[in-house]
Amino acid sequence: IVIGVTGSYGKTSTKEFLTTILSQKFKVLSTHHHQNSEIGISRCILDNLLPQHEIFIVEMGSYGKGGIKLLCDIVQPDIGVVTGVNEQHLSLFKTMDNLLSAEGGRELLQYLPKGGLLVVNGDNKYCLDLYKKASLNKKLYTAKGEWVEADVAAKEIEVHRNSLDFVVMTKDKQAAHFTVDVLGGHNIQNVLGAVLVAKELGMSLEEIGLAARHIKSQQAGISLKNGIHGIDVIDSSYSANPDGVVADLSYLNIFPGKKIIVMPSLIELGKKSAEIHQDLGRNIADVCDMAIITSRAQFAALKAGAVANGMDEKRIIFSDKPKEIVNLITTFCKEKDAVLLEGRVPGQVVSLLINK
């Protein structure tokens with residue numbers, strides 16, 4: 001059984017969570033790290049796929065219309081998962097229609113066989129549009145428990161410093177409590193996508209709940225580390241997209257002390273870039289006491305959004321010098337304050353801030 005996972009965001013975490021859960025019952029191979037192009041996926045097949053594997057989980061990335069169709073030609077998926085869609089790579093795709101064709105799941109949907117299955121994130125408007133157009137077997141997951149039509153939903157959500165607790169409810173009124181050692185409430189969506197696929201492949205909700213306890217925090221691309229001077233450092237520096245920044249800010253907000261975000265401006269957003277950065281600025285102002293932006297592009301738009309939402313303009317700072325950034329943080333913060341490193345911040349910032 002081949003499972004293809006695509007989307008603008010969430011696909012790596014969903015693939016990792018699904019691999020961990022299914023591996024408790026099946027012989028599973030998944031593409032490694034970010035082997036999501038035709039070369040990486042082909043290399044994984046040639047080097048690692050063996051006759052004894054029962055399930056092959058493939059992360060599918062694309063930077064142009066037709067990219068997902070090419071990958072489907074290679075792996076021939078039976079199940080398609082679309083984890084979430086936004087404008088993150090719009091400048092590469094040129095138009096939103098091109099992006100929706102590839103990352104948005106249209107090409108994946110078109111390739112699925114008549115007996116195949118489409119699984120989508122019901123909390124994302126683009127995924128819902130795809131769901132409505134699908135004529136084959138299709139399923140929805142949602143972290144908003146009030147959705148009656150969702151096949152799997154989360155309720156009684158508790159977001160802790162080091163874990164997530166929630167109850168998974170199914171459309172047929174089954175329920176199970178989940179404790180998963182990953183950070184940030186947004187990862188509940190990614191867990192639910194994995195839960196729904198595992199359920200469709202014959203695992204009981206109780207089996208899935210036990211299997212999910214094997215998920216490691218690093219599989220989610222965000223980790224909590226001990227920083228110098230007792231500062232909490234949330235390391236989400238692998239990558240960033242608009243939804244991811246907002247989600248990480250929501251996690252940062254559970255910390256009781258002063259809060260700082262360090263991040264570059266986001267790239268590849270096309271014509272909506274200034275508007276998106278203004279929105280991000282407003283979100284930053286809701287949560288943070290200081291923001292340090294490490295790139296000039298769209299700094300003005302981000303600052304304008306933050307200031308318009310009440311943030312002191314002196315507290316939103318441009319700096320691309322690692323030592324200066326760390327000095328700003330350590331001057332402003334004390335023990336139990338928190339710093340969010342979001343996206344591709346300079347590597348030296350990470351090494352200088354975190355206790356070895």
# chains A, B, ... in the order shown; residues from 1 in each chain; ligands from 1
>>> residues_around(residues="A:Ile1", least_positions_apart="4", cutoff="8 Å", atoms="only C-alpha atoms", output="PyMOL selection string")
chain A and resi 54-56+77-79
>>> select_by_dssp(residues="stretch 107-309 of chain A", states="strand (DSSP E)", output="number ranges by chain")
A: 117-121, 137-142, 152-159, 164-170, 175-180, 223-226, 232-236, 259-263, 290-293
>>> residues_around(residues="A:Arg315", least_positions_apart="6", cutoff="9 Å", atoms="only C-alpha atoms", output="PyMOL selection string")
chain A and resi 289-292
>>> write_last_selection(atoms="N, CA and C atoms", output="PDB file, in the first residue's frame")
ATOM      1  N   ASP A 289       6.844  40.256  23.598  1.00  0.00           N
ATOM      2  CA  ASP A 289       7.322  41.511  24.180  1.00  0.00           C
ATOM      3  C   ASP A 289       8.428  42.131  23.329  1.00  0.00           C
ATOM      4  N   MET A 290       9.051  41.322  22.497  1.00  0.00           N
ATOM      5  CA  MET A 290      10.098  41.799  21.588  1.00  0.00           C
ATOM      6  C   MET A 290      10.150  40.893  20.372  1.00  0.00           C
ATOM      7  N   ALA A 291      10.471  41.482  19.224  1.00  0.00           N
ATOM      8  CA  ALA A 291      10.678  40.708  17.999  1.00  0.00           C
ATOM      9  C   ALA A 291      11.990  41.148  17.363  1.00  0.00           C
ATOM     10  N   ILE A 292      12.816  40.180  16.996  1.00  0.00           N
ATOM     11  CA  ILE A 292      14.077  40.456  16.306  1.00  0.00           C
ATOM     12  C   ILE A 292      13.982  39.800  14.931  1.00  0.00           C
TER      13      ILE A 292
END
>>> residues_around(residues="A:Leu99", least_positions_apart="3", cutoff="12 Å", atoms="only C-alpha atoms", output="VMD selection string")
chain A and resid 6 to 8 61 to 68 85 to 96 102 to 107 126 268 to 270
>>> closest_residue(among="A:Ile276, A:Leu328, A:Leu46, A:Ala198", to="A:Lys303", atoms="only C-alpha atoms")
A:Ile276
>>> residues_around(residues="A:Lys125", least_positions_apart="2", cutoff="12 Å", atoms="only C-alpha atoms", output="number ranges by chain")
A: 82-86, 100, 104, 120-123, 127-132, 142
>>> atom_distance(atom1="atom CA of A:Asn124", atom2="atom CA of A:Arg344")
25.0 Å
>>> closest_residue(among="A:Asn355, A:Gln219, A:Ser204, A:Asn327", to="A:Lys15", atoms="only C-alpha atoms")
A:Gln219
>>> select_by_dssp(residues="stretch 110-237 of chain A", states="helix (DSSP H, G or I)", output="MDAnalysis selection string")
chainID A and resid 110:111 125:133 187:200 205:212 217:220 228:230
>>> write_last_selection(atoms="C-alpha atoms", output="PDB file, in the first residue's frame")
ATOM      1  CA  GLN A 110      -6.674  12.746 -10.015  1.00  0.00           C
ATOM      2  CA  TYR A 111      -4.146   9.926  -9.746  1.00  0.00           C
ATOM      3  CA  LYS A 125     -10.217  25.974   3.376  1.00  0.00           C
ATOM      4  CA  TYR A 126      -8.253  24.755   0.356  1.00  0.00           C
ATOM      5  CA  CYS A 127      -8.321  21.166   1.620  1.00  0.00           C
ATOM      6  CA  LEU A 128     -12.086  21.450   2.134  1.00  0.00           C
ATOM      7  CA  ASP A 129     -12.519  22.641  -1.463  1.00  0.00           C
ATOM      8  CA  LEU A 130     -10.580  19.593  -2.662  1.00  0.00           C
ATOM      9  CA  TYR A 131     -12.670  17.329  -0.430  1.00  0.00           C
ATOM     10  CA  LYS A 132     -15.906  18.668  -1.917  1.00  0.00           C
ATOM     11  CA  LYS A 133     -14.674  17.943  -5.463  1.00  0.00           C
ATOM     12  CA  ASN A 187       0.586  19.305  15.781  1.00  0.00           C
ATOM     13  CA  ILE A 188      -2.744  17.805  16.844  1.00  0.00           C
ATOM     14  CA  GLN A 189      -3.841  18.241  13.223  1.00  0.00           C
ATOM     15  CA  ASN A 190      -0.840  16.249  12.028  1.00  0.00           C
ATOM     16  CA  VAL A 191      -1.453  13.499  14.597  1.00  0.00           C
ATOM     17  CA  LEU A 192      -5.118  13.314  13.563  1.00  0.00           C
ATOM     18  CA  GLY A 193      -4.190  12.856   9.907  1.00  0.00           C
ATOM     19  CA  ALA A 194      -2.032   9.908  10.911  1.00  0.00           C
ATOM     20  CA  VAL A 195      -4.759   8.552  13.212  1.00  0.00           C
ATOM     21  CA  LEU A 196      -7.347   8.625  10.444  1.00  0.00           C
ATOM     22  CA  VAL A 197      -5.125   6.787   7.943  1.00  0.00           C
ATOM     23  CA  ALA A 198      -4.151   4.159  10.552  1.00  0.00           C
ATOM     24  CA  LYS A 199      -7.824   3.627  11.414  1.00  0.00           C
ATOM     25  CA  GLU A 200      -8.662   3.131   7.740  1.00  0.00           C
ATOM     26  CA  LEU A 205      -8.346   3.625  18.170  1.00  0.00           C
ATOM     27  CA  GLU A 206      -6.845   2.051  21.297  1.00  0.00           C
ATOM     28  CA  GLU A 207      -3.993   0.516  19.260  1.00  0.00           C
ATOM     29  CA  ILE A 208      -3.337   3.866  17.611  1.00  0.00           C
ATOM     30  CA  GLY A 209      -3.324   5.679  20.950  1.00  0.00           C
ATOM     31  CA  LEU A 210      -0.717   3.284  22.342  1.00  0.00           C
ATOM     32  CA  ALA A 211       1.347   3.512  19.151  1.00  0.00           C
ATOM     33  CA  ALA A 212       1.277   7.319  19.286  1.00  0.00           C
ATOM     34  CA  SER A 217       9.247  15.401  19.888  1.00  0.00           C
ATOM     35  CA  GLN A 218      11.960  15.862  17.243  1.00  0.00           C
ATOM     36  CA  GLN A 219       9.668  14.320  14.615  1.00  0.00           C
ATOM     37  CA  ALA A 220       7.565  17.483  14.756  1.00  0.00           C
ATOM     38  CA  ILE A 228      21.731  30.200  28.742  1.00  0.00           C
ATOM     39  CA  HIS A 229      20.760  32.048  31.951  1.00  0.00           C
ATOM     40  CA  GLY A 230      17.767  29.732  32.410  1.00  0.00           C
TER      41      GLY A 230
END
>>> residues_around(residues="stretch 250-252 of chain A", least_positions_apart="2", cutoff="7 Å", atoms="only C-alpha atoms", output="PDB file with N, CA, C and O atoms, in the first residue's frame")
ATOM      1  N   GLY A 184       3.252  22.020  20.808  1.00  0.00           N
ATOM      2  CA  GLY A 184       2.411  22.915  20.022  1.00  0.00           C
ATOM      3  C   GLY A 184       1.091  22.301  19.608  1.00  0.00           C
ATOM      4  O   GLY A 184       1.048  21.211  19.020  1.00  0.00           O
ATOM      5  N   GLY A 185       0.014  23.016  19.904  1.00  0.00           N
ATOM      6  CA  GLY A 185      -1.319  22.518  19.599  1.00  0.00           C
ATOM      7  C   GLY A 185      -1.564  22.249  18.133  1.00  0.00           C
ATOM      8  O   GLY A 185      -2.394  21.402  17.777  1.00  0.00           O
ATOM      9  N   VAL A 246       2.207  31.366  13.068  1.00  0.00           N
ATOM     10  CA  VAL A 246       1.059  31.620  13.952  1.00  0.00           C
ATOM     11  C   VAL A 246       0.901  30.480  14.960  1.00  0.00           C
ATOM     12  O   VAL A 246       0.644  30.709  16.149  1.00  0.00           O
ATOM     13  N   ALA A 247       1.077  29.249  14.489  1.00  0.00           N
ATOM     14  CA  ALA A 247       0.953  28.094  15.380  1.00  0.00           C
ATOM     15  C   ALA A 247       2.034  28.113  16.460  1.00  0.00           C
ATOM     16  O   ALA A 247       1.759  27.849  17.634  1.00  0.00           O
ATOM     17  N   ASP A 248       3.270  28.426  16.070  1.00  0.00           N
ATOM     18  CA  ASP A 248       4.356  28.456  17.056  1.00  0.00           C
ATOM     19  C   ASP A 248       4.179  29.601  18.047  1.00  0.00           C
ATOM     20  O   ASP A 248       4.525  29.480  19.226  1.00  0.00           O
ATOM     21  N   ILE A 254       1.919  30.027  25.881  1.00  0.00           N
ATOM     22  CA  ILE A 254       1.642  29.320  27.141  1.00  0.00           C
ATOM     23  C   ILE A 254       2.750  29.555  28.172  1.00  0.00           C
ATOM     24  O   ILE A 254       2.575  29.232  29.346  1.00  0.00           O
ATOM     25  N   PHE A 255       3.877  30.124  27.757  1.00  0.00           N
ATOM     26  CA  PHE A 255       4.975  30.381  28.689  1.00  0.00           C
ATOM     27  C   PHE A 255       4.675  31.647  29.487  1.00  0.00           C
ATOM     28  O   PHE A 255       4.212  32.643  28.925  1.00  0.00           O
ATOM     29  N   LEU A 340      11.483  32.195  20.998  1.00  0.00           N
ATOM     30  CA  LEU A 340      11.107  31.342  19.876  1.00  0.00           C
ATOM     31  C   LEU A 340      12.031  31.639  18.703  1.00  0.00           C
ATOM     32  O   LEU A 340      12.085  32.771  18.218  1.00  0.00           O
TER      33      LEU A 340
END
>>> closest_residue(among="A:Leu201, A:Glu335, A:Ile222, A:Lys139", to="A:Ser163", atoms="only C-alpha atoms")
A:Ile222
>>> atom_distance(atom1="atom CA of A:Ala306", atom2="atom CA of A:Leu266")
15.6 Å
>>> residues_around(residues="A:Ser236", least_positions_apart="4", cutoff="7 Å", atoms="only C-alpha atoms", output="number ranges by chain")
A: 221-223, 341-343
>>> write_last_selection(atoms="C-alpha atoms", output="compact mmCIF listing (two decimals), in the first residue's frame")
# COMPACT_ATOMS: atom_id res chain seq x y z
CA GLY A 221 10.39 19.85 13.77
CA ILE A 222 10.08 21.87 16.99
CA SER A 223 11.88 21.28 20.29
CA LEU A 341 13.61 30.74 17.05
CA GLU A 342 11.39 30.59 13.98
CA GLY A 343 12.63 29.63 10.52
>>> atom_distance(atom1="atom CA of A:Ile260", atom2="atom CA of A:Cys288")
5.5 Å
>>> closest_residue(among="A:Arg43, A:Lys11, A:Arg161, A:His53", to="A:Phe26", atoms="only C-alpha atoms")
A:His53
